[in-house]
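Reviewing the structure listed below.
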Amino acid sequence: MRSSVSVILSSPPPDTTMHFPDYGQTVKDHQALLILVRHSGQQLKGKTFNRLFDRISKVNQVKITDQQGWVRNIRFRYKKVYPVENNDWGDFQSHRRLLGLISLGKCTNQGELNEICRQHESLKTRYNVTLYDSRCIIFGVREDGTICSSPEPGRATSAADDHIVNGQSANEAKSSSSHGDFRTTPLFYPCVDSCDRLESDIIDFVSSLFWVLESKRMEKGLERLEKVPLLCAPFEKKDFVGIDLDSRSNRKRCIGRAKKHLADLSLQAGLPGESIPLYIAAVDILRPVNDWFWLGCALEGLATTSAILLYPNVGRTQVVQRNSSLNVGDSCRPKVPGGSHSLPNGLDPSEVKNAAANCLSPEDIIDKYREAIIHYSKYRHAGIVEAEASIKATHILIEQDKPLLAADFLQNVVFINLNLPDEEKIQRFVTLSELYSCIGFHRKAAFFRRVAAMRCVAPQNPKTDWNQCYHLLLLALEGYKLSLDPVLFPGSSSSSGWAVLQICLLEELIACARRMGNVTLATQHLAFLLTSMMKHLSLNERRDYALQLEGLAVSSDSSLSIPLALDNGFIVPPVHLTQLPELRSFMPLAPPLSTRPVRLKGPKRSQSDSPFIFSPFQTYNNKDARASPSDMEKGDTGTLDFNWVVGDICHVALNVFNPLPIDLKVSSISLLTSGVKFQSESCSVTVAPLSPDVILLSGTPQDSGDLKLLGYTTQLLGMKSTCRLRALGISGYDIKIIPPLPTLSLSYNMNQNWKEGKQMDALPVPSSSPIPSSEPPPIRLSLFAGESRTVELELKNESVDCEVCLMDVTLESSLEDEGYEEGEVFSWEKDVIQAQLPIQPSSHLTFTLTITAPHCPSLSNHPLMETGSMGSSQGLSHSLQTPFQSQSLRGGIILGNFLPKRSDSSVSMKSSSGSRHSSLGPIGTGTAASLNKSLHAKVLGGVLWVKYSGGKGIKKEYARRLGIPMSVEVKPSLCITHCDVLPALLEEQCYLVADILNQTPHEMEVKYAEGKEIVLEAMDACRVPIPIKRSPLIPPTFPKLGDTEEMERIRKDVLKQVDLKWRIPSVEVRGSANACLTSLPLSPRMLDLLHVPPIKWQVRVNGRETEGDEVGCGPGEILEMSVTLVNLCPMPLPRLLLRIQVFQDLENGNHNYNLERRIAIIGSDRTLLSAIGEHAEYEHRFGLLLLTPGSYKVDLYCIAYEGDGSLSQDSPLHMTVGGGNPYENLPMVKNLPSSECIWRHSPPLTISVT
Amino acid sequence: MFQAGGNSDEGLFDYLHMELVSTLLQPERNPGIHLSISTMEHLGFSSGYRLVERLTREWPRFKDELDSMKFICKEFWTAVFRKQVDNLRTNRQGVYVLQDNRFRHLAKVSTSGQYMEAAPKLVVFTCGLVRGALANLGIVSVVTAEVSAMPICKFQVQIQRASA
Amino acid sequence: MACCVAVIGKDNSPLYIRVSNPETELYLHFTVHSSLDVVEERVNSLAKSSVGDIRELYLGLLYSSETHRVYGYATNTKVKFIIVLDVSRVQNVNENELRSMFRRIHSAYADAICNPFYIPGDQIDSTKFEAIISEILL
């Protein structure tokens, strides 16, 4: 709209322009009567003056009834200061005229009274051009005029009195009195507090002003147009000197201006309806004569009047927020009910009726304003008028809700070239920014606030005011979507405004704060800048700010950031350096396995129930959450699946990152907790530039209950900060703290050479966790199978106050799966342990653990081996969590997969080659000897869990588990490859014949029976007979084949008697090989050899007893045989089939039964015996005829014959004279029903025929 | 592939879409199917978001919600599916129903109810597409699809009003 | 010919801003930022005002000072493009010229958006986009 743009801050030549614009002015003020209220005299305090001023200015609208009976609504405007220059513009716009004057003063004596009066008079003279009337309000004077505090009422006062009396009584405006020059009606009030009449007096006063105005209006209205004087604005005066006013155009000028003036007056006189036509007339007159300035004035008047009629409450709009970007909806915009375009409320209809006639439409109002402003802008001196007009227009546009247009007008104000003092310029920018925020242009508003702020400290500004600058900047922040509260900023959205500008503003704030000398404030801002803007800062900026901050913080008075209240009531929220170092993760760590509390009772978790033994994720998780099997059953929720114990040092791992390009020295960082008492140790770390790091925070719970981990506090760059996880968007943790538990430490010694174990320990244990893990050292042994070793375990109670009153030692191993007896391998004295409980603090408990290297499970293969063992021992290893352990175990397993069944060397070699490297890896003894040793050695693993509890913790049913990993390398020693049972000479005895093999690389002495020893070379085998006493039948059981418990019984019986001891002199190791036999298979033959037969045989030949010795006779001679069976056992025998067989032993293992030509049997060679009662006996007689010479044997045996009375088909019972049919015998013997058992008369009777 | 007018790429989009469906949404091929349904939707979202940027380039400013809705039904649909939405209905409370009587991704499928349960897989991408387009036009919405008879597909757009 | 080109995101945070003369950078930042009010107002007032041509994406002159002229353009997706002209260097520029400049920026932006590796809302760093902007800046 503006024809020429001008530089804002350029200074035009000084002249008779107005002193400074009145930004507060609104359209309403056009109809107001201007009254100056001055503070005179020293007695009246400033505050009381202001209070009085407020009271007075409440009287800003008075309804007065004029002669015609119309009620006029007259407005009044009170000001404390009013420059005369502005007053001079009164002709131009009459509302600029100062019509009334009120002095407020207080006096205690006559002198002061006079002084006040004098000041009042001088003011009157200053404004006398325009002044209609004045009042001098004086406090401290009684109604009657006597001065309250004047001690003696003397002459002078009396004089004053009478004057005042008539001054009071006579109610004429001007009173002539003894005080020559004092011509104003004074208003006396005894004191400031009792001046209830004040308002009413003011009303009187202002109405008097109105009447004067009204009269003036009247006479102006009547005055003949021919001779109206030329009104002109101050700067015009010189232009009109000496030009004839009677020229036609000038006449019009005069008239037009006069009309405009009259319009102003009638507007002030409360007749807007009348003023409008007058303005219109003025416009019509002035336009043709090109009196642009006054034309503009008339237009403005017209527009203003219309606006007054349309928008009674214009200019009272509060700040509007519209723009969605500043995310406040239109909701808070004050809407004029019925919309701003329709008839506003609170408007008396009659007024509208007569105004509506030619009142402008909202659009016209703006157009008129625009035009007016364009005209103004042609005059350099009219800047202020123009500025004010623009601002008024803006107010109206705000009312009309036309922000864009409003913006244009404001833009215009910016360009108006005014020569103003700095504070006025600042004032102007502030006003602009307020108006901009009124139309919702918060960015513009912020912009101008900042401009204003910069003006405050501009170099050309003589008196720089950093405080003002700072506060203006604070106001500007909002427009840049910048909030100093770290909680609100940066907003959750990635982009929270305009980083560049925000940083710039913050820098300015910091600079300001420093110049103000408020270092704490500066520090706070700098810290805020550093934390909230980190991601927008370049590396160099980060470094610089960090260093700056460090420097500032030193001089700042409190290193801890607290809310700072500024003197204007604004509160700068505290700032914490949450981004330094930037937190990546916050993870409480479980206590190490050995001290981790577990449920005292609770489902015993078997290794195999987790299907994910081999899953990498599983192990990964375990490494992360450090969840041990015992924890898993509790770890149902996603939360922490472990507890902390009172008195134990607990750890939290922080993954942090240093975003600065310099070393970040965290002088102290410690945990921030709530809930139970927690003593957190602070530590100090230095994080390398731009690199992540792990900080381990530790602390000790003091009391049992729930502990909340809220975050951590840091001290760095000289600032203390509290970093709450919630603020960082990480969820905090709740940890259960359980009552104190004792802690045991393990130490042990083995009575002899365990150097191997030592040197294995020497291997580095890769620690997965940053905590120094206090896992006990594993027990490692290397034993020959059958060798046993004892270990002294000493458990020391480390805790200071709580005793261990419960201890439970269990073994967890995969031995069972591998087919060993756990009990046989590892054994310890339970009672000894129980006996030593409880363990007092710092005392200890010892017990011995006996480890016996087992022989390979049995001579028969165990399918379990491959499948079960691997898994379980794996599970074991990961429960144990010392990778080394698991390795060595695995190594063991690989060896274990090979079972030396029949350990012929070829197989063993294969195995060794297979096992060599794998066994090398874990066991790590590279020497050939050890390699040799581990030829077919296998490693058995196990964990000895010492579960113990005590103190208060035991009441809560918590305990600790101390896992003692054990691994035993078993080297084969003596092994029994095969064994059999042979009958001995004595009937109640037999021999267990064993093929034993020395698998050691050493010479070995084997003692297999009393006084029976042999020496075996390395890898040498031999067969040894071990005498065994036959075991009698135990009633009522009858030996059945495949009846296992019987077999077991026998086996045990045998094992009792076997005592196979070996000794290796070279390494001085002794052991027993009995275990090899534990599962020796017993064939039926062996079984019944091992039995004492239930039948006693008595064989008589020709009546003579034979005790196994040979019987001689001649060929063809009849031998009368009688066989008597005596039932030895205390029960009836089953039915038996007795058989007699004669054969020849060919001494080559074969027997010849084809003797049919050589022998004859008289009587039956077989007979079915009915059951023989206990200790009863039965005799069978027959004759035997041996026809040819030779050595014969008679085999007598009987078979427990189940079945019916008759003999089976294949064995018809009949007499054969001259030898039975031999063909039927053989099969008979061969296919004995295997379910039956045989008792033989052994050795067979021998008969030699000569 | 979204350039209007090109014919060579007619099929390409179909094939690509089919492949997407079969690779992402076949349970036997992809166990985490529920996850990939949303993946698919998100694919649609981002392509819709970007696509609308281009399509509205030469377009006068939208007066209101309905205006942008119409744009989706006409230009957007044409650009993607070579046809307009057949029917747009609204309850004036922020629910719009776009009905396509021959929805391209369903057109090739047998009209019998045989593949009814497969239908969601075929429309999820488009739901995302619409949601993305609207999101970029400043309309936050939830888009659901409903297939009652095979080639016909109804997309329901539920505008999420900013809680003010 | 422009002395500053800016791309402002939906949420009125800069996605891309480039100035020809580094000295004036901060000033231009402020100028562009404070001219956003008008853009918002124009775009939002669309519903209210009955003016027809407001439907055009090109918003015309937003703000003019003695030294600079700020022109605006807002896409349907509420992304704003701002071009600042240096009055001293460019005396009279005709609207159509500006329109075409904006249209070029718009298409460049649309392409940048269609790059699957660009996440909407991030700073734009596409060399193609750069190239086009620098042509406009010249």
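Ordering of the structure tokens sets the chain letters (A, B, ...), residue numbers begin anew at 1 in every chain, and ligands are numbered from 1 in the order given.
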query = Which residues of chain C are close to chain A, meaning at most 6 Å apart when you count only C-alpha atoms, and how do they look as a count of residues only?
reply = 3
query = Which residues of chain C are close to chain B, meaning at most 10 Å apart when you count only C-alpha atoms, and how do they look as a PyMOL selection string?
reply = chain C and resi 10+43-44+46-48+53-58+74-79+103+106-116+118-120
Would you pick out the contacts of Val228 in chain A at 9 Å or less, using only C-alpha atoms, so that residues sharing its chain but fewer than 4 positions from it are not included, and give the list as a compact mmCIF listing (two decimals) with C-alpha atoms, in the first residue's frame?
```txt
# COMPACT_ATOMS: atom_id res chain seq x y z
CA LYS A 220 -18.87 25.71 15.55
CA GLU A 223 -20.64 29.60 12.72
CA ARG A 224 -20.98 30.94 9.18
CA ARG A 251 -11.90 28.51 0.99
CA CYS A 254 -11.07 25.86 5.23
CA ILE A 255 -14.62 24.63 5.02
CA ALA A 258 -13.84 22.96 9.55
```
remark   = What separates CA of Ser36 in chain B and CA of Leu20 in chain B is a distance of 10.2 Å
ask   = Quick one: distance from CA of Leu187 in chain A to CA of Trp211 in chain A in Å, one decimal?
value =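 Between CA of Leu187 in chain A and CA of Trp211 in chain A the gap works out to 19.9 Å.
In this model, the gap between CA of Cys117 in chain A and CA of His39 in chain A comes to 11.8 Å.
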inquiry  = Would you pick out the contacts of Glu146 in chain B at 12 Å or less, using only C-alpha atoms, so that residues sharing its chain but fewer than 5 positions from it are not included, and give the list as a ChimeraX atom specification?
reply    = /B:97-101,103,106,116-117,119-124,126-127,151-157
Would you write out those residues with N, CA and C atoms, as a PDB file, in the first residue's frame?
```pdb
ATOM      1  N   VAL B  97     -16.385 -44.504   2.288  1.00  0.00           N
ATOM      2  CA  VAL B  97     -16.315 -45.862   1.753  1.00  0.00           C
ATOM      3  C   VAL B  97     -16.068 -45.779   0.255  1.00  0.00           C
ATOM      4  N   LEU B  98     -14.925 -46.313  -0.159  1.00  0.00           N
ATOM      5  CA  LEU B  98     -14.583 -46.332  -1.575  1.00  0.00           C
ATOM      6  C   LEU B  98     -14.883 -47.727  -2.095  1.00  0.00           C
ATOM      7  N   GLN B  99     -15.748 -47.789  -3.079  1.00  0.00           N
ATOM      8  CA  GLN B  99     -16.088 -49.106  -3.608  1.00  0.00           C
ATOM      9  C   GLN B  99     -15.538 -49.256  -5.012  1.00  0.00           C
ATOM     10  N   ASP B 100     -14.779 -50.312  -5.205  1.00  0.00           N
ATOM     11  CA  ASP B 100     -14.246 -50.634  -6.529  1.00  0.00           C
ATOM     12  C   ASP B 100     -14.883 -51.947  -6.958  1.00  0.00           C
ATOM     13  N   ASN B 101     -15.675 -51.867  -8.022  1.00  0.00           N
ATOM     14  CA  ASN B 101     -16.449 -53.048  -8.406  1.00  0.00           C
ATOM     15  C   ASN B 101     -15.611 -54.095  -9.118  1.00  0.00           C
ATOM     16  N   PHE B 103     -11.911 -54.674  -8.524  1.00  0.00           N
ATOM     17  CA  PHE B 103     -10.635 -54.286  -7.941  1.00  0.00           C
ATOM     18  C   PHE B 103      -9.515 -55.081  -8.604  1.00  0.00           C
ATOM     19  N   LEU B 106      -8.010 -58.218  -7.339  1.00  0.00           N
ATOM     20  CA  LEU B 106      -8.931 -59.347  -7.168  1.00  0.00           C
ATOM     21  C   LEU B 106      -9.455 -59.832  -8.503  1.00  0.00           C
ATOM     22  N   MET B 116     -11.602 -66.861  -0.932  1.00  0.00           N
ATOM     23  CA  MET B 116     -12.077 -65.776  -0.083  1.00  0.00           C
ATOM     24  C   MET B 116     -11.057 -65.471   1.009  1.00  0.00           C
ATOM     25  N   GLU B 117     -10.553 -66.524   1.622  1.00  0.00           N
ATOM     26  CA  GLU B 117      -9.659 -66.265   2.762  1.00  0.00           C
ATOM     27  C   GLU B 117      -8.337 -65.653   2.290  1.00  0.00           C
ATOM     28  N   ALA B 119      -8.261 -63.259   0.126  1.00  0.00           N
ATOM     29  CA  ALA B 119      -8.527 -61.872  -0.285  1.00  0.00           C
ATOM     30  C   ALA B 119      -7.777 -60.844   0.568  1.00  0.00           C
ATOM     31  N   PRO B 120      -7.813 -60.950   1.893  1.00  0.00           N
ATOM     32  CA  PRO B 120      -7.124 -59.935   2.700  1.00  0.00           C
ATOM     33  C   PRO B 120      -5.689 -59.713   2.267  1.00  0.00           C
ATOM     34  N   LYS B 121      -5.016 -60.812   1.920  1.00  0.00           N
ATOM     35  CA  LYS B 121      -3.619 -60.659   1.513  1.00  0.00           C
ATOM     36  C   LYS B 121      -3.513 -59.767   0.282  1.00  0.00           C
ATOM     37  N   LEU B 122      -4.535 -59.834  -0.548  1.00  0.00           N
ATOM     38  CA  LEU B 122      -4.452 -59.121  -1.822  1.00  0.00           C
ATOM     39  C   LEU B 122      -4.824 -57.649  -1.674  1.00  0.00           C
ATOM     40  N   VAL B 123      -5.503 -57.304  -0.583  1.00  0.00           N
ATOM     41  CA  VAL B 123      -5.943 -55.908  -0.471  1.00  0.00           C
ATOM     42  C   VAL B 123      -5.125 -55.122   0.544  1.00  0.00           C
ATOM     43  N   VAL B 124      -4.340 -55.825   1.340  1.00  0.00           N
ATOM     44  CA  VAL B 124      -3.679 -55.114   2.442  1.00  0.00           C
ATOM     45  C   VAL B 124      -2.731 -54.043   1.905  1.00  0.00           C
ATOM     46  N   THR B 126      -3.020 -52.284  -0.749  1.00  0.00           N
ATOM     47  CA  THR B 126      -3.762 -51.105  -1.186  1.00  0.00           C
ATOM     48  C   THR B 126      -4.248 -50.286  -0.001  1.00  0.00           C
ATOM     49  N   CYS B 127      -4.653 -50.982   1.051  1.00  0.00           N
ATOM     50  CA  CYS B 127      -5.052 -50.237   2.251  1.00  0.00           C
ATOM     51  C   CYS B 127      -3.921 -49.300   2.667  1.00  0.00           C
ATOM     52  N   PRO B 151     -14.630 -59.865  -7.102  1.00  0.00           N
ATOM     53  CA  PRO B 151     -13.838 -58.743  -7.638  1.00  0.00           C
ATOM     54  C   PRO B 151     -14.197 -57.415  -6.970  1.00  0.00           C
ATOM     55  N   ILE B 152     -15.267 -57.408  -6.179  1.00  0.00           N
ATOM     56  CA  ILE B 152     -15.707 -56.145  -5.569  1.00  0.00           C
ATOM     57  C   ILE B 152     -14.968 -55.946  -4.240  1.00  0.00           C
ATOM     58  N   CYS B 153     -14.478 -54.732  -4.060  1.00  0.00           N
ATOM     59  CA  CYS B 153     -13.761 -54.461  -2.811  1.00  0.00           C
ATOM     60  C   CYS B 153     -14.178 -53.107  -2.273  1.00  0.00           C
ATOM     61  N   LYS B 154     -14.489 -53.081  -0.997  1.00  0.00           N
ATOM     62  CA  LYS B 154     -14.855 -51.810  -0.367  1.00  0.00           C
ATOM     63  C   LYS B 154     -13.739 -51.417   0.588  1.00  0.00           C
ATOM     64  N   PHE B 155     -13.237 -50.216   0.396  1.00  0.00           N
ATOM     65  CA  PHE B 155     -12.238 -49.694   1.328  1.00  0.00           C
ATOM     66  C   PHE B 155     -12.915 -48.681   2.227  1.00  0.00           C
ATOM     67  N   GLN B 156     -12.798 -48.904   3.510  1.00  0.00           N
ATOM     68  CA  GLN B 156     -13.401 -47.943   4.439  1.00  0.00           C
ATOM     69  C   GLN B 156     -12.309 -47.093   5.073  1.00  0.00           C
ATOM     70  N   VAL B 157     -12.452 -45.801   4.884  1.00  0.00           N
ATOM     71  CA  VAL B 157     -11.474 -44.865   5.434  1.00  0.00           C
ATOM     72  C   VAL B 157     -12.089 -44.185   6.646  1.00  0.00           C
TER      73      VAL B 157
END
```
task = Looking only at strand (DSSP E or B) from DSSP on the backbone, list the matching residues of chain C as a ChimeraX atom specification.
result = /C:2-8,14-19,58-64,68-74,80-86
ask   = Arg92 in chain B: which residues within 12 Å, counting only C-alpha atoms, same-chain residues fewer than 4 positions away excluded, as a list in words?
value =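 Once the adjacent positions are removed, what remains is Glu65, Leu66, Leu88, Tyr96, Val97, Val157, Gln158 and Ile159 of chain B.
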request  = Can you pull out every residue within 12 Å of Ala303 in chain A, counting only C-alpha atoms, but drop anything in the same chain fewer than 3 positions away, and send it as a count of residues only?
outcome  = 41
key: Selection: 8 Å around Glu1005 in chain A, only C-alpha atoms, excl. self and same-chain fewer than 2 positions, as a count of residues only   = 10
